[in-house]
$ cat start-v4.cif   # mmCIF, C-alpha atoms
data_work
#
loop_
_atom_site.label_atom_id
_atom_site.label_comp_id
_atom_site.auth_asym_id
_atom_site.auth_seq_id
_atom_site.Cartn_x
_atom_site.Cartn_y
_atom_site.Cartn_z
CA MET A 1 146.54 53.84 60.81
CA THR A 2 146.76 56.75 63.20
CA ILE A 3 142.98 56.85 63.32
CA VAL A 4 142.83 53.13 64.20
CA ILE A 5 145.38 53.54 67.00
CA LEU A 6 143.56 56.62 68.29
CA PHE A 7 140.28 54.75 68.17
CA LEU A 8 141.82 51.87 70.10
CA ALA A 9 143.27 54.19 72.74
CA LEU A 10 140.07 56.19 73.09
CA SER A 11 137.74 53.21 73.27
CA THR A 12 140.00 51.37 75.72
CA SER A 13 140.03 54.45 77.88
CA VAL A 14 136.21 54.64 77.75
CA VAL A 15 135.86 50.95 78.69
CA ILE A 16 138.34 51.27 81.56
CA ARG A 17 136.57 54.41 82.82
CA LEU A 18 133.18 52.65 82.68
CA ILE A 19 134.51 49.62 84.54
CA ALA A 20 136.23 51.82 87.13
CA ALA A 21 133.01 53.80 87.66
CA ALA A 22 131.04 50.57 88.06
CA ASN A 23 133.61 49.28 90.52
CA VAL A 24 133.51 52.43 92.66
CA THR A 25 129.68 52.51 92.62
CA ALA A 26 129.48 48.82 93.63
CA ARG A 27 132.02 49.26 96.44
CA GLU A 28 130.29 52.39 97.74
CA SER A 29 126.93 50.65 97.66
CA ALA A 30 128.29 47.59 99.50
CA TYR A 31 129.96 49.78 102.11
CA GLU A 32 126.80 51.80 102.62
CA SER A 33 124.79 48.56 103.05
CA ARG A 34 127.23 47.40 105.71
CA ALA A 35 127.17 50.83 107.36
CA ILE A 36 123.35 50.87 107.54
CA LEU A 37 123.31 47.36 109.00
CA ALA A 38 126.05 48.27 111.52
CA MET A 39 124.28 51.46 112.64
CA GLU A 40 121.00 49.58 112.95
CA ARG A 41 122.71 46.90 115.04
CA VAL A 42 124.30 49.45 117.37
CA ALA A 43 121.01 51.38 117.66
CA GLU A 44 119.15 48.21 118.68
CA GLN A 45 121.87 47.34 121.20
CA VAL A 46 121.65 50.83 122.72
CA LYS A 47 117.84 50.56 122.86
CA ALA A 48 118.23 47.30 124.80
CA ASP A 49 120.69 48.90 127.25
CA PRO A 50 120.69 52.72 126.91
CA VAL A 51 122.59 53.36 130.14
CA GLY A 52 125.46 50.96 129.38
CA ASP A 53 128.47 51.51 131.64
CA ASN A 54 127.05 54.94 132.51
CA THR A 55 130.24 56.85 131.60
CA CYS A 56 129.18 60.27 130.39
CA ASN A 57 131.25 63.22 129.12
CA ALA A 58 131.18 66.79 130.50
CA CYS A 59 127.96 67.49 128.55
CA GLY A 60 126.22 64.52 130.13
CA ALA A 61 126.24 62.51 126.92
CA ARG A 62 127.43 58.94 126.62
CA VAL A 63 129.90 58.85 123.73
CA PHE A 64 131.44 55.64 122.46
CA SER A 65 132.64 53.89 119.31
CA THR A 66 131.94 50.33 118.24
CA GLU A 67 134.31 48.70 115.77
CA ILE A 68 132.26 46.41 113.54
CA ALA A 69 135.11 45.64 111.09
CA ASP A 70 138.61 47.00 110.36
CA ASP A 71 137.16 49.60 107.99
CA LEU A 72 133.86 50.17 109.76
CA THR A 73 133.45 51.93 113.10
CA VAL A 74 130.16 53.30 114.38
CA ASP A 75 130.38 56.42 116.55
CA CYS A 76 127.51 56.79 118.95
CA VAL A 77 126.27 59.66 121.12
CA VAL A 78 123.49 58.89 123.59
CA THR A 79 121.90 61.81 125.35
CA SER A 80 119.23 61.44 127.97
CA ASP A 81 116.23 63.62 128.67
CA ASP A 82 114.95 63.30 132.21
CA SER A 83 112.09 65.80 131.80
CA PRO A 84 109.33 63.18 131.49
CA LEU A 85 107.54 62.48 134.75
CA GLN A 86 108.10 58.75 134.39
CA GLY A 87 111.16 57.22 132.76
CA THR A 88 113.85 58.77 130.58
CA LEU A 89 113.84 59.57 126.86
CA TYR A 90 117.12 58.74 125.08
CA ASP A 91 118.36 60.34 121.89
CA ILE A 92 120.73 58.06 119.95
CA GLU A 93 122.89 59.64 117.23
CA LEU A 94 124.97 57.28 115.10
CA THR A 95 127.68 58.14 112.59
CA VAL A 96 129.94 56.10 110.31
CA MET A 97 132.96 57.75 108.71
CA SER A 98 134.02 55.75 105.67
CA PRO A 99 137.72 55.48 104.89
CA GLY A 100 138.97 57.20 101.72
CA GLY A 101 140.77 54.13 100.42
CA GLN A 102 139.60 51.08 98.48
CA GLY A 103 137.86 53.11 95.80
CA ILE A 104 135.37 54.51 98.27
CA ARG A 105 134.97 58.21 98.64
CA ALA A 106 135.38 59.43 102.18
CA GLY A 107 132.13 60.53 103.63
CA ARG A 108 129.80 60.65 106.56
CA ARG A 109 126.75 58.50 106.88
CA ALA A 110 124.41 59.22 109.64
CA LEU A 111 121.27 57.72 110.91
CA SER A 112 118.96 59.98 112.96
CA ALA A 113 121.61 57.95 107.68
CA GLY A 114 136.43 54.93 64.40
CA CYS A 115 137.54 52.94 61.49
CA GLY A 116 140.84 53.24 59.59
CA GLY A 117 140.32 54.94 56.19
CA ASN A 118 144.00 54.63 55.13
CA ALA A 119 144.17 50.99 56.03
CA MET A 120 141.32 50.23 53.65
CA LYS A 121 143.56 51.10 50.68
CA GLN A 122 146.08 48.33 51.43
CA GLN A 123 144.01 45.52 49.96
CA SER A 124 146.96 43.59 48.44
CA ASN A 125 148.06 42.13 51.76
CA SER A 126 146.20 39.05 52.95
CA MET A 127 146.62 40.20 56.57
CA GLY A 128 144.90 43.50 55.84
CA VAL A 129 144.24 46.04 58.57
CA GLY A 130 140.59 46.04 57.52
CA THR A 131 140.02 42.62 59.04
CA SER A 132 141.80 43.50 62.23
CA SER A 133 139.93 46.81 62.40
CA ILE A 134 136.62 45.00 62.16
CA LEU A 135 137.79 42.55 64.83
CA LEU A 136 138.94 45.41 67.00
CA ILE A 137 135.70 47.31 66.56
CA LEU A 138 133.72 44.19 67.50
CA VAL A 139 135.84 43.62 70.61
CA VAL A 140 135.64 47.24 71.67
CA VAL A 141 131.89 47.52 71.07
CA SER A 142 131.18 44.33 73.01
CA LEU A 143 133.47 45.40 75.84
CA THR A 144 131.82 48.81 75.98
CA MET A 145 128.42 47.14 76.23
CA PHE A 146 129.75 44.78 78.89
CA ALA A 147 131.21 47.66 80.90
CA SER A 148 128.01 49.70 80.48
CA LEU A 149 125.94 46.77 81.77
CA ALA A 150 128.26 46.43 84.77
CA LEU A 151 127.79 50.14 85.49
CA ILE A 152 124.01 49.88 85.12
CA GLN A 153 123.99 46.88 87.51
CA ALA A 154 126.14 48.70 90.05
CA ARG A 155 123.90 51.77 89.84
CA SER A 156 120.71 49.77 90.35
CA ASP A 157 122.40 48.08 93.31
CA ALA A 158 123.28 51.51 94.71
CA ALA A 159 119.66 52.64 94.19
CA LEU A 160 118.46 49.63 96.22
CA THR A 161 120.89 50.55 98.98
CA GLN A 162 119.49 54.09 98.98
CA LYS A 163 115.96 52.69 99.28
CA THR A 164 117.09 50.58 102.24
CA ALA A 165 118.63 53.67 103.83
CA VAL A 166 115.39 55.63 103.32
CA SER A 167 113.22 52.86 104.82
CA THR A 168 115.61 52.41 107.77
CA ARG A 169 115.44 56.14 108.49
CA ALA A 170 111.64 56.01 108.16
CA TYR A 171 111.47 53.20 110.72
CA TYR A 172 113.66 55.00 113.25
CA ASP A 173 111.70 58.20 112.72
CA ALA A 174 108.44 56.34 113.48
CA ASP A 175 110.13 54.58 116.42
CA THR A 176 111.27 57.92 117.89
CA ARG A 177 107.74 59.36 117.60
CA ALA A 178 106.24 56.22 119.15
CA GLN A 179 108.61 56.48 122.11
CA ALA A 180 107.59 60.13 122.58
CA MET A 181 103.93 59.01 122.58
CA LEU A 182 104.70 56.38 125.21
CA ILE A 183 106.36 59.03 127.38
CA SER A 184 103.26 61.24 126.97
CA LEU A 185 101.08 58.29 128.01
CA ASP A 186 103.24 57.66 131.07
CA ASP A 187 103.06 61.34 131.98
CA ALA A 188 99.26 61.32 131.61
CA LEU A 189 99.00 58.25 133.85
CA LYS A 190 101.25 59.87 136.44
CA GLN A 191 99.05 62.97 136.43
CA GLY A 192 95.91 60.83 136.71
CA SER A 193 94.60 61.80 133.26
CA ALA A 194 92.89 59.36 130.92
CA PRO A 195 95.35 58.08 128.27
CA ASP A 196 92.72 58.28 125.51
CA GLY A 197 92.70 62.03 126.06
CA ILE A 198 95.94 62.13 124.09
CA GLU A 199 95.35 62.65 120.38
CA GLY A 200 95.58 59.41 118.42
CA VAL A 201 95.26 57.11 121.42
CA THR A 202 92.18 54.90 121.50
CA LYS A 203 90.87 52.57 124.17
CA GLN A 204 90.42 48.92 123.12
CA ALA A 205 87.59 46.57 124.16
CA ASP A 206 90.00 44.65 126.45
CA GLY A 207 90.97 47.83 128.33
CA SER A 208 94.31 48.30 126.59
CA TYR A 209 95.21 51.44 124.66
CA ALA A 210 96.39 51.59 121.05
CA PHE A 211 97.93 54.16 118.77
CA ALA A 212 99.59 54.12 115.35
CA VAL A 213 102.53 56.14 114.06
CA ASP A 214 102.71 56.46 110.27
CA SER A 215 106.06 56.37 108.50
CA ASP A 216 107.03 57.81 105.10
CA ASP A 217 107.54 54.42 103.42
CA GLY A 218 103.96 53.15 103.58
CA HIS A 219 104.29 51.44 106.95
CA ALA A 220 102.84 52.20 110.34
CA LEU A 221 104.06 51.36 113.80
CA ASN A 222 101.03 49.94 115.60
CA VAL A 223 101.45 50.04 119.35
CA VAL A 224 99.18 48.48 121.98
CA VAL A 225 99.86 49.13 125.66
CA SER A 226 98.44 47.99 128.94
CA VAL A 227 98.18 50.58 131.71
CA ALA A 228 97.07 48.24 134.47
CA SER A 229 100.22 48.79 136.53
CA GLY A 230 100.00 52.59 136.33
CA ARG A 231 102.73 52.64 133.65
CA CYS A 232 102.70 51.69 129.99
CA GLU A 233 103.51 48.05 129.38
CA ILE A 234 103.95 47.36 125.69
CA LEU A 235 101.80 44.47 124.50
CA SER A 236 102.44 44.94 120.79
CA TYR A 237 104.92 47.07 118.83
CA ARG A 238 104.39 45.97 115.23
CA TYR A 239 105.82 47.74 112.20
CA GLU A 240 103.29 46.85 109.52
CA ASN A 241 102.55 47.63 105.90
CA THR A 242 99.59 49.95 105.54
CA GLN A 243 99.20 49.57 101.79
CA ASP A 244 96.22 47.50 100.72
CA TRP A 245 96.92 44.02 99.41
CA THR A 246 95.08 43.38 96.14
CA GLU A 247 94.08 39.84 95.38
CA GLN A 248 95.16 38.64 91.95
CA SER A 249 92.58 37.08 89.66
CA THR A 250 92.49 33.28 89.75
CA GLY A 251 90.30 33.14 86.63
CA SER A 252 92.82 31.35 84.45
CA LEU A 253 93.75 28.74 87.07
CA TRP A 254 92.53 25.16 86.79
CA GLN A 255 89.87 24.72 89.40
CA GLY A 256 89.96 20.89 89.49
CA GLY A 257 87.57 18.23 88.15
CA MET B 258 173.62 55.20 46.20
CA SER B 259 170.02 54.59 46.73
CA ALA B 260 168.31 54.62 50.09
CA ARG B 261 165.35 52.76 48.69
CA PHE B 262 164.76 49.12 49.58
CA PRO B 263 163.96 46.59 46.85
CA ALA B 264 160.18 46.05 46.32
CA ASP B 265 160.12 42.50 47.82
CA LYS B 266 161.93 43.69 50.97
CA ARG B 267 159.45 46.51 51.36
CA THR B 268 156.62 43.99 51.09
CA ASP B 269 158.31 41.85 53.79
CA LEU B 270 158.70 44.85 56.07
CA ARG B 271 155.08 45.87 55.53
CA GLY B 272 153.99 42.31 56.31
CA ALA B 273 156.04 42.24 59.50
CA PHE B 274 154.68 45.62 60.53
CA LEU B 275 151.11 44.52 59.93
CA PHE B 276 151.72 41.31 61.82
CA ALA B 277 153.14 43.27 64.76
CA LEU B 278 150.18 45.63 64.63
CA LEU B 279 147.71 42.75 64.61
CA ALA B 280 149.58 41.12 67.48
CA ALA B 281 149.41 44.39 69.42
CA PHE B 282 145.65 44.60 68.75
CA ALA B 283 145.18 41.03 69.91
CA LEU B 284 147.26 41.53 73.06
CA LEU B 285 145.57 44.79 73.98
CA SER B 286 142.14 43.29 73.34
CA LEU B 287 143.00 40.32 75.54
CA LEU B 288 144.29 42.65 78.25
CA VAL B 289 141.11 44.72 78.21
CA VAL B 290 138.98 41.54 78.28
CA ILE B 291 140.92 40.21 81.29
CA ILE B 292 140.69 43.53 83.16
CA GLY B 293 136.98 43.76 82.34
CA ALA B 294 136.25 40.19 83.40
CA ARG B 295 138.10 40.59 86.72
CA SER B 296 136.33 43.84 87.48
CA TYR B 297 132.97 42.34 86.57
CA GLN B 298 133.68 39.39 88.86
CA GLY B 299 134.59 41.83 91.63
CA ILE B 300 131.44 43.90 91.06
CA ASN B 301 129.30 40.75 91.17
CA SER B 302 130.90 39.49 94.34
CA THR B 303 130.49 42.92 96.00
CA ALA B 304 126.84 42.99 94.90
CA GLU B 305 126.25 39.52 96.37
CA GLN B 306 127.72 40.57 99.71
CA ALA B 307 125.58 43.72 99.67
CA PHE B 308 122.50 41.64 98.86
CA LEU B 309 122.93 39.51 101.98
CA SER B 310 123.68 42.36 104.34
CA ARG B 311 121.03 44.63 102.80
CA THR B 312 118.15 42.64 101.34
CA GLY B 313 118.52 39.40 103.33
CA MET B 314 119.04 40.94 106.73
CA SER B 315 116.50 43.73 106.10
CA TYR B 316 113.92 41.08 105.24
CA LEU B 317 114.50 39.16 108.47
CA VAL B 318 114.57 42.33 110.58
CA GLY B 319 111.35 43.51 108.90
CA LYS B 320 109.63 40.18 109.62
CA VAL B 321 110.61 40.35 113.30
CA ARG B 322 109.50 43.98 113.64
CA GLY B 323 106.14 43.02 112.14
CA ALA B 324 105.65 40.34 114.79
CA ASP B 325 106.83 42.14 117.91
CA ALA B 326 104.01 41.29 120.32
CA THR B 327 103.79 39.55 123.66
CA GLY B 328 104.31 35.80 123.33
CA GLN B 329 104.65 35.84 119.55
CA ILE B 330 108.41 35.48 119.00
CA GLU B 331 110.22 32.32 119.97
CA ILE B 332 113.44 30.47 119.11
CA ARG B 333 112.73 26.76 118.84
CA LYS B 334 114.57 23.56 118.15
CA GLU B 335 112.82 21.51 115.45
CA GLY B 336 114.85 18.36 115.00
CA GLU B 337 118.34 19.56 114.16
CA LEU B 338 117.16 22.95 112.99
CA THR B 339 117.09 26.17 115.01
CA VAL B 340 113.91 27.91 114.00
CA LEU B 341 112.63 31.42 114.68
CA THR B 342 108.87 31.37 114.97
CA LEU B 343 106.79 34.50 114.50
CA GLY B 344 103.15 34.30 115.50
CA GLN B 345 100.13 36.22 114.30
CA GLU B 346 96.39 35.89 114.54
CA LEU B 347 94.23 36.05 111.43
CA GLU B 348 90.45 35.87 111.78
CA GLY B 349 90.70 34.14 115.15
CA GLU B 350 93.20 31.50 113.95
CA LYS B 351 96.82 31.48 115.10
CA TYR B 352 99.43 31.16 112.35
CA LEU B 353 103.17 30.75 112.62
CA THR B 354 105.96 31.84 110.28
CA TYR B 355 109.00 29.58 110.66
CA ILE B 356 112.35 31.04 109.57
CA TYR B 357 115.27 28.61 109.37
CA CYS B 358 118.35 27.59 107.38
CA ASP B 359 118.69 24.12 105.85
CA GLY B 360 122.45 24.47 105.38
CA ALA B 361 122.22 25.97 101.90
CA GLN B 362 119.28 28.34 101.98
CA VAL B 363 117.33 30.44 104.41
CA ARG B 364 113.71 29.39 104.15
CA GLU B 365 110.35 30.52 105.42
CA TYR B 366 107.38 28.29 106.18
CA PHE B 367 103.97 29.71 106.99
CA ALA B 368 101.33 27.44 108.51
CA GLN B 369 98.57 27.24 111.08
CA ALA B 370 99.99 26.92 114.60
CA ASP B 371 98.48 23.45 115.08
CA VAL B 372 100.01 22.08 111.84
CA ALA B 373 103.33 20.24 112.30
CA PHE B 374 106.43 22.04 111.03
CA SER B 375 107.61 20.65 107.65
CA PRO B 376 111.00 22.12 106.67
CA ASP B 377 110.78 20.62 103.16
CA TYR B 378 107.88 22.92 102.26
CA GLY B 379 109.60 26.16 103.19
CA GLU B 380 109.92 28.89 100.57
CA LYS B 381 113.49 29.90 99.73
CA ILE B 382 114.37 33.45 100.77
CA PHE B 383 118.12 33.65 100.01
CA ASP B 384 121.26 31.49 99.95
CA ALA B 385 123.21 31.11 103.19
CA SER B 386 125.15 28.33 104.86
CA ARG B 387 124.10 29.15 108.42
CA LEU B 388 121.56 31.26 110.28
CA THR B 389 121.67 31.69 114.04
CA PHE B 390 119.44 33.52 116.49
CA SER B 391 119.96 34.44 120.13
CA LEU B 392 117.63 36.30 122.44
CA GLU B 393 118.85 37.99 125.60
CA GLY B 394 117.30 40.87 127.49
CA GLY B 395 114.89 41.61 124.68
CA LEU B 396 117.70 41.88 122.13
CA LEU B 397 117.33 39.40 119.27
CA GLN B 398 120.69 38.87 117.57
CA ILE B 399 120.61 37.50 114.02
CA SER B 400 123.71 36.13 112.33
CA ILE B 401 123.88 34.99 108.68
CA VAL B 402 126.92 33.11 107.35
CA ASP B 403 127.13 33.23 103.54
CA ALA B 404 128.53 30.57 101.18
CA SER B 405 132.01 32.14 101.36
CA GLY B 406 131.97 31.94 105.17
CA LYS B 407 131.48 35.68 105.77
CA THR B 408 129.24 36.58 108.70
CA HIS B 409 126.60 39.30 108.54
CA ALA B 410 125.21 40.27 111.93
CA GLY B 411 122.12 42.25 112.83
CA ALA B 412 120.03 42.91 115.91
CA VAL B 413 116.46 43.84 116.76
CA TYR B 414 115.35 45.12 120.11
CA LEU B 415 111.99 43.59 120.96
CA HIS B 416 109.78 46.11 122.73
CA ALA B 417 106.88 43.80 123.48
CA ALA B 418 108.03 40.21 123.00
CA LYS B 419 110.66 40.53 125.77
CA GLU B 420 107.96 41.05 128.29
CA GLY B 421 106.06 38.00 127.16
CA GLY B 422 106.78 34.58 125.93
CA ALA B 423 109.89 35.04 123.83
#

$ encode --input "start-v4.cif" --output "structure tokens"
Amino acid sequence: MTIVILFLALSTSVVIRLIAAANVTARESAYESRAILAMERVAEQVKADPVGDNTCNACGARVFSTEIADDLTVDCVVTSDDSPLQGTLYDIELTVMSPGGQGIRAGRRALSAGCGGNAMKQQSNSMGVGTSSILLILVVVSLTMFASLALIQARSDAALTQKTAVSTRAYYDADTRAQAMLISLDDALKQGSAPDGIEGVTKQADGSYAFAVDSDDGHALNVVVSVASGRCEILSYRYENTQDWTEQSTGSLWQGG
Amino acid sequence: MSARFPADKRTDLRGAFLFALLAAFALLSLLVVIIGARSYQGINSTAEQAFLSRTGMSYLVGKVRGADATGQIEIRKEGELTVLTLGQELEGEKYLTYIYCDGAQVREYFAQADVAFSPDYGEKIFDASRLTFSLEGGLLQISIVDASGKTHAGAVYLHAAKEGGA
């Protein structure tokens, strides 16, 4: 009997721990997804208007916070670099501090992102413990499987969130390098040098200039600029997949007739 | 004086004890099932929210970033639908990708630019009750409202399309 009760207590504890772990993983993953999306949104807004209200701190940096939701605030630091001959290069640093509550660990996300042996002897009673033990074991085993599946689902969801975070960072890394290339092109134009003298920049048949910035996730940022006005005017800024598409065989498809 | 109970009373007591034990098993099992089911429901609902804000929005943002070129991104009115069109040229032919919401699902329709838009043929991307776009100063704002009424907002700064026809 003691063994049955111990088994019940232990297995219930395991199930509850599994479910709690799944719950925390799912909540963390959901929060991280929202944090990535919020940081991306603020980054794009800053890119559209990097100067904003032009209020800078003593270090010359523009520091502000954007509240996306009650539990989600993006802290942003925008620093400007005026060293390029034409234009200004902005460095955007975004941080989200998650609250400790709601089963989510506090943290910083940044983007720059048994069976009863004794009972078996009591066979005289029609309501024997053996039957209930078997029932209990079945319930506990199925609940343990159920809780394990919930945990596996939550973990795969968290893995997808991590992949999204990695690809978002890869994009912004490529974007930063592309902006640096554009500044170099502007500087070359200002100095009267040919833009195709810069490594990686090629002249197109229509007189425009193109360059590509590879990212870590199998994409490339393909940029085409026009220099007709003496400054770079972006004609195309496409983030495209560089991996080859392989055509699947249509051999087994009905071809008609 | 004997402290021992008669045999039939002992049997009654044992029966009552076993019944209580079985009742406790049943109650505890039910409790664990209820806790488990509620948590599973919560995990599923959290995962659905994460899917929209992560996979759904990332997909749309990725599509827009892949089409950021002069004159290739446009917000159109097609009947009662607000449609985001993304253009691209393939072997000299212009093609358009139409992204829209039919009130239940966000759909994508890819066709040659000179072929009329047919919302019925769009491929389902994900479930949503509303999808809105706004373009101002090169900043494309995307807002997805899910079935529960929760809004997921994203933005893409268009480097090239703002200077052209968008």

$ resolve_selection --input "start-v4.cif" --expression "the PyMOL selection byres ((chain B) within 6 of (chain A))" --output "list of chain:residue names"
B:Ile300, B:Ala307, B:Arg311, B:Arg322, B:Gly323, B:Ala324, B:Asp325, B:Ala326, B:Thr327, B:Gly411, B:Ala412, B:Val413, B:Tyr414, B:Ala417

$ write_last_selection --input "start-v4.cif" --atoms "C-alpha atoms" --output "PDB file, keeping the file's coordinate frame"
ATOM      1  CA  ILE B 300     131.440  43.900  91.060  1.00  0.00           C
ATOM      2  CA  ALA B 307     125.580  43.720  99.670  1.00  0.00           C
ATOM      3  CA  ARG B 311     121.030  44.630 102.800  1.00  0.00           C
ATOM      4  CA  ARG B 322     109.500  43.980 113.640  1.00  0.00           C
ATOM      5  CA  GLY B 323     106.140  43.020 112.140  1.00  0.00           C
ATOM      6  CA  ALA B 324     105.650  40.340 114.790  1.00  0.00           C
ATOM      7  CA  ASP B 325     106.830  42.140 117.910  1.00  0.00           C
ATOM      8  CA  ALA B 326     104.010  41.290 120.320  1.00  0.00           C
ATOM      9  CA  THR B 327     103.790  39.550 123.660  1.00  0.00           C
ATOM     10  CA  GLY B 411     122.120  42.250 112.830  1.00  0.00           C
ATOM     11  CA  ALA B 412     120.030  42.910 115.910  1.00  0.00           C
ATOM     12  CA  VAL B 413     116.460  43.840 116.760  1.00  0.00           C
ATOM     13  CA  TYR B 414     115.350  45.120 120.110  1.00  0.00           C
ATOM     14  CA  ALA B 417     106.880  43.800 123.480  1.00  0.00           C
TER      15      ALA B 417
END

$ atom_distance --input "start-v4.cif" --atom1 "CA of Ala370 (chain B)" --atom2 "CA of Phe383 (chain B)"
24.2 Å

$ resolve_selection --input "start-v4.cif" --expression "the PyMOL selection byres ((chain A and resi 200) around 12)" --output "PyMOL selection string"
chain A and resi 178+181-182+184-185+195-199+201-203+209-214+222-223

$ atom_distance --input "start-v4.cif" --atom1 "CA of Asp53 (chain A)" --atom2 "CA of Lys190 (chain A)"
28.9 Å

$ atom_distance --input "start-v4.cif" --atom1 "CA of Leu10 (chain A)" --atom2 "CA of Ser156 (chain A)"
26.7 Å

$ residues_around --input "start-v4.cif" --residues "region 357-361 of chain B" --least-positions-apart "5" --cutoff "7 Å" --atoms "all atoms listed in the file" --output "ChimeraX atom specification"
/B:338-341,384-388

$ closest_residue --input "start-v4.cif" --among "A:Gly87, A:Gly207, A:Gly130, A:Gly218" --to "Arg231 (chain A)" --atoms "all atoms listed in the file"
A:Gly87

$ resolve_selection --input "start-v4.cif" --expression "the PyMOL selection byres ((chain A and resi 51) around 12)" --output "JSON, numbers by chain"
{"A": [45, 46, 47, 48, 49, 50, 52, 53, 54, 55, 56, 60, 61, 62, 63, 64, 77, 78, 79, 80, 88, 89, 90, 91, 92]}

$ closest_residue --input "start-v4.cif" --among "A:Ser148, A:Ser11, A:Thr95, A:Gln243" --to "His219 (chain A)" --atoms "all atoms listed in the file"
A:Gln243

$ closest_residue --input "start-v4.cif" --among "B:Pro376, B:Gly313, B:Gly293, B:Gly299" --to "Asp403 (chain B)" --atoms "only C-alpha atoms"
B:Gly313

$ closest_residue --input "start-v4.cif" --among "B:Tyr366, B:Val318, B:Gly344, B:Lys407" --to "Tyr378 (chain B)" --atoms "all atoms listed in the file"
B:Tyr366

$ decode --input "start-v4.cif" --residues "region 280-298 of chain B" --atoms "C-alpha atoms" --output "PDB file, in the first residue's frame"
ATOM      1  CA  ALA B 280     -12.054   7.217  -4.268  1.00  0.00           C
ATOM      2  CA  ALA B 281      -8.828   9.058  -3.420  1.00  0.00           C
ATOM      3  CA  PHE B 282      -7.133   7.502  -6.484  1.00  0.00           C
ATOM      4  CA  ALA B 283     -10.034   8.524  -8.684  1.00  0.00           C
ATOM      5  CA  LEU B 284     -10.122  12.079  -7.322  1.00  0.00           C
ATOM      6  CA  LEU B 285      -6.376  12.566  -7.598  1.00  0.00           C
ATOM      7  CA  SER B 286      -6.356  11.128 -11.109  1.00  0.00           C
ATOM      8  CA  LEU B 287      -9.164  13.471 -12.115  1.00  0.00           C
ATOM      9  CA  LEU B 288      -7.322  16.404 -10.560  1.00  0.00           C
ATOM     10  CA  VAL B 289      -4.128  15.599 -12.442  1.00  0.00           C
ATOM     11  CA  VAL B 290      -6.092  15.163 -15.697  1.00  0.00           C
ATOM     12  CA  ILE B 291      -7.792  18.554 -15.214  1.00  0.00           C
ATOM     13  CA  ILE B 292      -4.505  20.311 -14.388  1.00  0.00           C
ATOM     14  CA  GLY B 293      -2.834  18.623 -17.361  1.00  0.00           C
ATOM     15  CA  ALA B 294      -5.634  19.490 -19.770  1.00  0.00           C
ATOM     16  CA  ARG B 295      -5.706  23.147 -18.694  1.00  0.00           C
ATOM     17  CA  SER B 296      -1.948  23.461 -19.000  1.00  0.00           C
ATOM     18  CA  TYR B 297      -1.983  21.775 -22.399  1.00  0.00           C
ATOM     19  CA  GLN B 298      -4.705  24.173 -23.540  1.00  0.00           C
TER      20      GLN B 298
END
